[in-house]
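Q: What follows is a structure written as structure tokens; I'll ask about it next.
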Amino acid sequence: MDEVEVVVAHSERATLRVGDLFLKVDADQTRIDVEVEAMALVPVPTPQVLWRKPHVLAMAALPGTTLGRLGGPSTGTPAAWAAAGAAIRKLHEAPLPPRTGRAGRSRAELAADLDDECERLVTNAVLPADLVHRNRQVAEAALRPWTAAFTHGDLQIDHVFVAGDEVTGIIDWSEAGQGDALYDLATFTLGHEEHLDDVIAGYGTDIDLDVIRAWWSLRSLLIVRWLTEHGFDPFAPGCEVDVLRSRM
């Protein structure tokens with residue numbers, strides 16, 4: 001192997017692939033510790049941890065491919081999406097971990113962050129005011145009581161690997177902990193609404209679709225400015241700004 005693939009990189013962390021080895025470098029050692037602890041607890045496939053040193057985690061690559069990526073086409077079959085839904089349900093039914101995760105922020109904290117971010121988006125002309133205000137209204141449905149589940153906390157589509165119609169592993173557990181199960185489902189289907197029914201079929205229980213849509217709006221509003229400041233493009237076709245526009 002004579003090259004290093006940069007999987008993702010920004011000022012906080014980077015993930016590199018060298019052959020069958022993934023190296024995750026994180027400025028915050030706590031996130032690496034959380035990731036290793038979570039992978040040891042979850043009842044779903046995860047990468048094998050090879051070694052861990054300060055600020056670096058080495059893991060074996062997973063077989064298969066991801067279901068796609070935000071802003072790109074899905075490469076998975078409906079059955080693969082359903083299998084992912086079943087794996088997510090298995091995770092959510094696992095015994096609760098000791099930590100509160102990214103998906104477990106309180107309603108008061110989320111509402112305050114959301115109001116502040118919406119004000120910045122409008123004041124700095126990042127997004128049109130009507131787009132922000134409409135999605136702030138939609139997002140309100142996510143700010144409701146929920147029962148704590150074991151959540152991944154950053155369950156993006158490219159964090160789930162499949163081979164055929166079988167889930168071979170889920171990566172990036174640094175935000176895992178107790179949280180709102182629908183946050184995970186919404187993050188996983190963000191930008192791929194056409195597969196929501198497949199995921200719910202695999203998940204196997206009734207889901208409040210208004211809350212899923214609310215999380216799509218809430219997550220997108222909170223992350224647009226961060227993405228722009230860290231070298232990503234939320235305005236690319238099919239990405240966060242298009243998700244917000246779809247609610248108009």
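Here, A, B, ... name the chains of the structure tokens in the order displayed, residue numbers run from 1 inside each chain, and ligands are numbered from 1 in the same displayed order.
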Write out as JSON, numbers by chain each polymer residue whose atoms come within 12 Å of Ser174 of chain A, counting only C-alpha atoms; drop sequence neighbours fewer than 4 positions from it.

A: {"A": [13, 24, 25, 26, 28, 29, 30, 31, 32, 33, 34, 35, 36, 37, 38, 39, 57, 99, 100, 101, 102, 103, 151, 152, 153, 154, 155, 159, 170]}

Q: Near Ala108 of chain A, counting only C-alpha atoms, which residues have an atom at most 12 Å away, once you skip same-chain residues fewer than 3 positions from it, shown as a PDB file with N, CA and C atoms, in the first residue's frame?

A:
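Result written to out.pdb:
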ATOM      1  N   GLY A 104     -28.614  13.334  23.580  1.00  0.00           N
ATOM      2  CA  GLY A 104     -29.289  13.437  24.865  1.00  0.00           C
ATOM      3  C   GLY A 104     -29.326  14.837  25.447  1.00  0.00           C
ATOM      4  N   ARG A 105     -29.036  15.844  24.647  1.00  0.00           N
ATOM      5  CA  ARG A 105     -29.100  17.213  25.157  1.00  0.00           C
ATOM      6  C   ARG A 105     -30.520  17.563  25.594  1.00  0.00           C
ATOM      7  N   ALA A 111     -33.219  24.217  22.630  1.00  0.00           N
ATOM      8  CA  ALA A 111     -34.012  25.385  22.242  1.00  0.00           C
ATOM      9  C   ALA A 111     -33.167  26.650  22.275  1.00  0.00           C
ATOM     10  N   ALA A 112     -32.327  26.787  23.314  1.00  0.00           N
ATOM     11  CA  ALA A 112     -31.468  27.962  23.419  1.00  0.00           C
ATOM     12  C   ALA A 112     -30.445  27.990  22.289  1.00  0.00           C
ATOM     13  N   ASP A 113     -29.805  26.844  22.019  1.00  0.00           N
ATOM     14  CA  ASP A 113     -28.828  26.769  20.926  1.00  0.00           C
ATOM     15  C   ASP A 113     -29.484  27.069  19.586  1.00  0.00           C
ATOM     16  N   LEU A 114     -30.686  26.525  19.407  1.00  0.00           N
ATOM     17  CA  LEU A 114     -31.388  26.710  18.145  1.00  0.00           C
ATOM     18  C   LEU A 114     -31.752  28.174  17.923  1.00  0.00           C
ATOM     19  N   ASP A 115     -32.273  28.824  18.952  1.00  0.00           N
ATOM     20  CA  ASP A 115     -32.625  30.236  18.826  1.00  0.00           C
ATOM     21  C   ASP A 115     -31.399  31.091  18.529  1.00  0.00           C
ATOM     22  N   GLU A 140     -39.590  22.654  16.166  1.00  0.00           N
ATOM     23  CA  GLU A 140     -40.212  22.682  17.493  1.00  0.00           C
ATOM     24  C   GLU A 140     -40.735  21.309  17.908  1.00  0.00           C
ATOM     25  N   ALA A 142     -39.429  18.494  17.664  1.00  0.00           N
ATOM     26  CA  ALA A 142     -38.397  17.632  18.246  1.00  0.00           C
ATOM     27  C   ALA A 142     -38.176  17.929  19.722  1.00  0.00           C
ATOM     28  N   LEU A 143     -38.621  19.097  20.187  1.00  0.00           N
ATOM     29  CA  LEU A 143     -38.393  19.531  21.567  1.00  0.00           C
ATOM     30  C   LEU A 143     -39.533  19.040  22.443  1.00  0.00           C
ATOM     31  N   ARG A 144     -39.545  17.730  22.676  1.00  0.00           N
ATOM     32  CA  ARG A 144     -40.616  17.106  23.450  1.00  0.00           C
ATOM     33  C   ARG A 144     -40.009  16.062  24.369  1.00  0.00           C
ATOM     34  N   PRO A 145     -40.762  15.570  25.354  1.00  0.00           N
ATOM     35  CA  PRO A 145     -40.208  14.526  26.223  1.00  0.00           C
ATOM     36  C   PRO A 145     -39.909  13.259  25.430  1.00  0.00           C
TER      37      PRO A 145
END

Q: Smallest atom-to-atom distance to Gln137 of chain A: which of A:Cys118, A:Ala9, A:Val44, A:Thr77, using only C-alpha atoms?

A: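 Using only C-alpha atoms, the shortest distance to Gln137 of chain A belongs to A:Cys118.
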
Q: Give me the residues near His10 of chain A as an mmCIF file with all heavy atoms, in the first residue's frame, where near means some atom within 10 Å (using only C-alpha atoms) and where sequence neighbours in that chain fewer than 4 positions away do not count.

A:
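New file selection-v9.cif:
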data_model
loop_
_atom_site.group_PDB
_atom_site.id
_atom_site.type_symbol
_atom_site.label_atom_id
_atom_site.label_comp_id
_atom_site.auth_asym_id
_atom_site.auth_seq_id
_atom_site.Cartn_x
_atom_site.Cartn_y
_atom_site.Cartn_z
ATOM 1 N N ALA A 14 -9.349 13.964 12.418
ATOM 2 C CA ALA A 14 -9.135 13.444 11.069
ATOM 3 C C ALA A 14 -9.169 11.924 11.109
ATOM 4 O O ALA A 14 -8.743 11.305 12.091
ATOM 5 C CB ALA A 14 -7.808 13.930 10.502
ATOM 6 N N THR A 15 -9.686 11.328 10.035
ATOM 7 C CA THR A 15 -9.669 9.878 9.891
ATOM 8 C C THR A 15 -8.940 9.542 8.602
ATOM 9 O O THR A 15 -9.271 10.069 7.535
ATOM 10 C CB THR A 15 -11.093 9.298 9.859
ATOM 11 O OG1 THR A 15 -11.767 9.629 11.067
ATOM 12 C CG2 THR A 15 -11.052 7.783 9.712
ATOM 13 N N ASP A 26 -7.673 12.566 17.017
ATOM 14 C CA ASP A 26 -8.647 13.481 17.616
ATOM 15 C C ASP A 26 -7.943 14.377 18.624
ATOM 16 O O ASP A 26 -7.197 13.894 19.486
ATOM 17 C CB ASP A 26 -9.760 12.679 18.303
ATOM 18 C CG ASP A 26 -11.019 13.505 18.526
ATOM 19 O OD1 ASP A 26 -10.883 14.660 18.980
ATOM 20 O OD2 ASP A 26 -12.117 13.002 18.258
ATOM 21 N N LEU A 227 -20.347 23.809 9.315
ATOM 22 C CA LEU A 227 -19.841 23.167 8.101
ATOM 23 C C LEU A 227 -19.139 24.177 7.201
ATOM 24 O O LEU A 227 -18.047 23.912 6.674
ATOM 25 C CB LEU A 227 -20.992 22.506 7.343
ATOM 26 C CG LEU A 227 -21.611 21.271 7.995
ATOM 27 C CD1 LEU A 227 -22.893 20.881 7.263
ATOM 28 C CD2 LEU A 227 -20.636 20.101 7.998
ATOM 29 N N GLU A 229 -17.716 26.956 8.043
ATOM 30 C CA GLU A 229 -16.479 27.442 8.663
ATOM 31 C C GLU A 229 -15.378 26.388 8.693
ATOM 32 O O GLU A 229 -14.219 26.719 8.923
ATOM 33 C CB GLU A 229 -16.779 27.928 10.080
ATOM 34 C CG GLU A 229 -17.663 29.183 10.110
ATOM 35 C CD GLU A 229 -18.111 29.553 11.513
ATOM 36 O OE1 GLU A 229 -17.831 28.752 12.447
ATOM 37 O OE2 GLU A 229 -18.727 30.605 11.679
ATOM 38 N N HIS A 230 -15.735 25.110 8.479
ATOM 39 C CA HIS A 230 -14.749 24.034 8.546
ATOM 40 C C HIS A 230 -14.469 23.397 7.180
ATOM 41 O O HIS A 230 -13.974 22.274 7.094
ATOM 42 C CB HIS A 230 -15.202 22.960 9.543
ATOM 43 C CG HIS A 230 -15.061 23.391 10.969
ATOM 44 N ND1 HIS A 230 -15.949 24.250 11.567
ATOM 45 C CD2 HIS A 230 -14.120 23.078 11.914
ATOM 46 C CE1 HIS A 230 -15.562 24.447 12.825
ATOM 47 N NE2 HIS A 230 -14.459 23.766 13.058
ATOM 48 N N GLY A 231 -14.781 24.110 6.122
ATOM 49 C CA GLY A 231 -14.388 23.662 4.795
ATOM 50 C C GLY A 231 -15.341 22.710 4.099
ATOM 51 O O GLY A 231 -14.990 22.130 3.061
ATOM 52 N N PHE A 232 -16.546 22.521 4.638
ATOM 53 C CA PHE A 232 -17.546 21.669 4.000
ATOM 54 C C PHE A 232 -18.590 22.552 3.302
ATOM 55 O O PHE A 232 -18.639 23.762 3.519
ATOM 56 C CB PHE A 232 -18.217 20.763 5.034
ATOM 57 C CG PHE A 232 -17.249 19.862 5.754
ATOM 58 C CD1 PHE A 232 -16.762 20.192 7.010
ATOM 59 C CD2 PHE A 232 -16.808 18.683 5.173
ATOM 60 C CE1 PHE A 232 -15.870 19.371 7.687
ATOM 61 C CE2 PHE A 232 -15.911 17.848 5.832
ATOM 62 C CZ PHE A 232 -15.443 18.202 7.085
#

Q: Please return, as a PyMOL selection string, all residues of segment 15-243 of chain A that DSSP assigns to strand (DSSP E or B) on the basis of the backbone.

A: chain A and resi 15-18+21-26+49-53+56-60+65-66+100+148-151+160-163+166-170+177-180

Q: Could you pull the residues within 12 Å of Ala94 of chain A, counting only C-alpha atoms, minus those fewer than 3 positions along the same chain, as number ranges by chain?

A: A: 38, 41-44, 87-91, 97, 148-152, 177-178, 181

Q: Can you work out the spacing between atom CA of Gly64 of chain A and atom CA of Thr168 of chain A in Å, to one decimal?

A: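 Distance between the two atoms: 6.8 Å.
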
Q: Any idea what's packed within 9 Å of Glu240 of chain A, counting only C-alpha atoms, ignoring anything in its chain fewer than 5 positions away? Could you give it as a list in words?

A: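 After dropping sequence-adjacent residues, the list is Leu70, Gly71, Leu190, Gly191, Trp216, Ser217, Arg219, Ser220, Leu221, Ile223, Val224, Asp233, Pro234, Phe235 and Arg245 of chain A.
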
Q: Please write the residues from the selection above to a file, keeping N, CA, C and O atoms, as a short mmCIF file (atom, residue, chain, number, x, y, z; two decimals), in the first residue's frame.

A:
data_model
loop_
_atom_site.label_atom_id
_atom_site.label_comp_id
_atom_site.auth_asym_id
_atom_site.auth_seq_id
_atom_site.Cartn_x
_atom_site.Cartn_y
_atom_site.Cartn_z
N LEU A 70 -24.40 11.77 2.21
CA LEU A 70 -25.26 12.93 2.10
C LEU A 70 -24.88 13.72 0.86
O LEU A 70 -23.71 14.01 0.62
N GLY A 71 -25.86 14.04 0.05
CA GLY A 71 -25.61 14.76 -1.18
C GLY A 71 -25.28 13.87 -2.36
O GLY A 71 -25.05 14.36 -3.47
N LEU A 190 -31.22 11.65 6.91
CA LEU A 190 -31.11 13.03 6.45
C LEU A 190 -30.68 13.08 4.98
O LEU A 190 -29.67 12.49 4.60
N GLY A 191 -31.46 13.76 4.17
CA GLY A 191 -31.14 13.86 2.75
C GLY A 191 -31.50 12.65 1.93
O GLY A 191 -31.31 12.63 0.71
N TRP A 216 -34.65 16.69 11.24
CA TRP A 216 -33.96 17.08 10.00
C TRP A 216 -33.74 18.59 9.98
O TRP A 216 -32.64 19.06 9.66
N SER A 217 -34.78 19.34 10.30
CA SER A 217 -34.67 20.80 10.30
C SER A 217 -33.74 21.28 11.41
O SER A 217 -32.85 22.12 11.18
N ARG A 219 -31.29 19.67 13.13
CA ARG A 219 -29.88 19.32 12.91
C ARG A 219 -29.28 20.20 11.80
O ARG A 219 -28.15 20.68 11.93
N SER A 220 -30.01 20.42 10.73
CA SER A 220 -29.48 21.20 9.61
C SER A 220 -29.26 22.65 10.02
O SER A 220 -28.23 23.25 9.69
N LEU A 221 -30.21 23.24 10.75
CA LEU A 221 -30.05 24.62 11.20
C LEU A 221 -28.82 24.77 12.09
O LEU A 221 -28.07 25.75 11.98
N ILE A 223 -26.07 23.04 12.14
CA ILE A 223 -24.76 22.66 11.62
C ILE A 223 -24.32 23.42 10.37
O ILE A 223 -23.14 23.38 10.00
N VAL A 224 -25.21 24.16 9.72
CA VAL A 224 -24.87 24.82 8.46
C VAL A 224 -23.66 25.74 8.63
O VAL A 224 -22.70 25.70 7.84
N ASP A 233 -19.41 21.95 2.47
CA ASP A 233 -20.37 22.73 1.68
C ASP A 233 -21.80 22.27 1.91
O ASP A 233 -22.30 21.37 1.21
N PRO A 234 -22.49 22.86 2.88
CA PRO A 234 -23.88 22.48 3.13
C PRO A 234 -24.84 22.94 2.04
O PRO A 234 -26.00 22.54 2.02
N PHE A 235 -24.34 23.77 1.10
CA PHE A 235 -25.16 24.25 -0.01
C PHE A 235 -25.09 23.32 -1.22
O PHE A 235 -25.79 23.55 -2.22
N ARG A 245 -34.71 23.57 2.55
CA ARG A 245 -35.62 24.08 1.49
C ARG A 245 -36.80 23.14 1.26
O ARG A 245 -37.88 23.59 0.89
#

Q: Excluding Ala79 of chain A and its own-chain neighbours fewer than 2 positions away, which residues fall within 9 Å of it when counting only C-alpha atoms? Please give them as a PyMOL selection string.

A: chain A and resi 76-77+81-84+164-166+198-199+202

Q: Atom CA of Leu209 of chain A and atom CA of Leu131 of chain A are how many Å apart?

A: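 Computed distance, atom CA of Leu209 of chain A to atom CA of Leu131 of chain A, equals 20.5 Å.
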
Q: For Val132 of chain A, which of A:Val7, A:Gly85, A:Val243, A:Glu12 is the closest residue, counting only C-alpha atoms?

A: A:Val243

Q: Residues within 12 Å of Ala60 of chain A, please, as a list in words. Count only C-alpha atoms; anything in the same chain fewer than 6 positions from it doesn't count.

A: Leu16, Arg17, Val18, Gly19, Asp20, Leu21, Phe22, Leu23, Lys24, Thr46, Pro47, Gln48, Val49, Leu50, Trp51, Gly169 and Ile171 of chain A

Q: Pull C-alpha atoms from the residues just selected and write them as a PDB file, in the first residue's frame.

A:
ATOM      1  CA  LEU A  16      -7.128   8.255   7.572  1.00  0.00           C
ATOM      2  CA  ARG A  17      -7.152   4.917   5.787  1.00  0.00           C
ATOM      3  CA  VAL A  18      -3.963   3.022   5.010  1.00  0.00           C
ATOM      4  CA  GLY A  19      -4.795  -0.301   3.377  1.00  0.00           C
ATOM      5  CA  ASP A  20      -6.966  -2.247   5.829  1.00  0.00           C
ATOM      6  CA  LEU A  21      -6.173   0.109   8.704  1.00  0.00           C
ATOM      7  CA  PHE A  22      -8.134   3.159   9.848  1.00  0.00           C
ATOM      8  CA  LEU A  23      -6.336   5.763  11.959  1.00  0.00           C
ATOM      9  CA  LYS A  24      -8.493   8.244  13.827  1.00  0.00           C
ATOM     10  CA  THR A  46     -18.241  -2.380  15.034  1.00  0.00           C
ATOM     11  CA  PRO A  47     -14.637  -2.151  13.807  1.00  0.00           C
ATOM     12  CA  GLN A  48     -12.010  -4.161  15.677  1.00  0.00           C
ATOM     13  CA  VAL A  49      -9.867  -1.897  17.839  1.00  0.00           C
ATOM     14  CA  LEU A  50      -6.208  -2.684  17.128  1.00  0.00           C
ATOM     15  CA  TRP A  51      -4.554  -0.223  19.456  1.00  0.00           C
ATOM     16  CA  GLY A 169     -20.416  -2.556  10.973  1.00  0.00           C
ATOM     17  CA  ILE A 171     -18.277   3.398  12.858  1.00  0.00           C
TER      18      ILE A 171
END

Q: Which residue is closest to Glu93 of chain A? Choose from A:Val211, A:Thr147, A:Pro237, A:Asp158 and count only C-alpha atoms.

A: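 Among A:Val211, A:Thr147, A:Pro237, A:Asp158, it is A:Thr147 that comes nearest to Glu93 of chain A.
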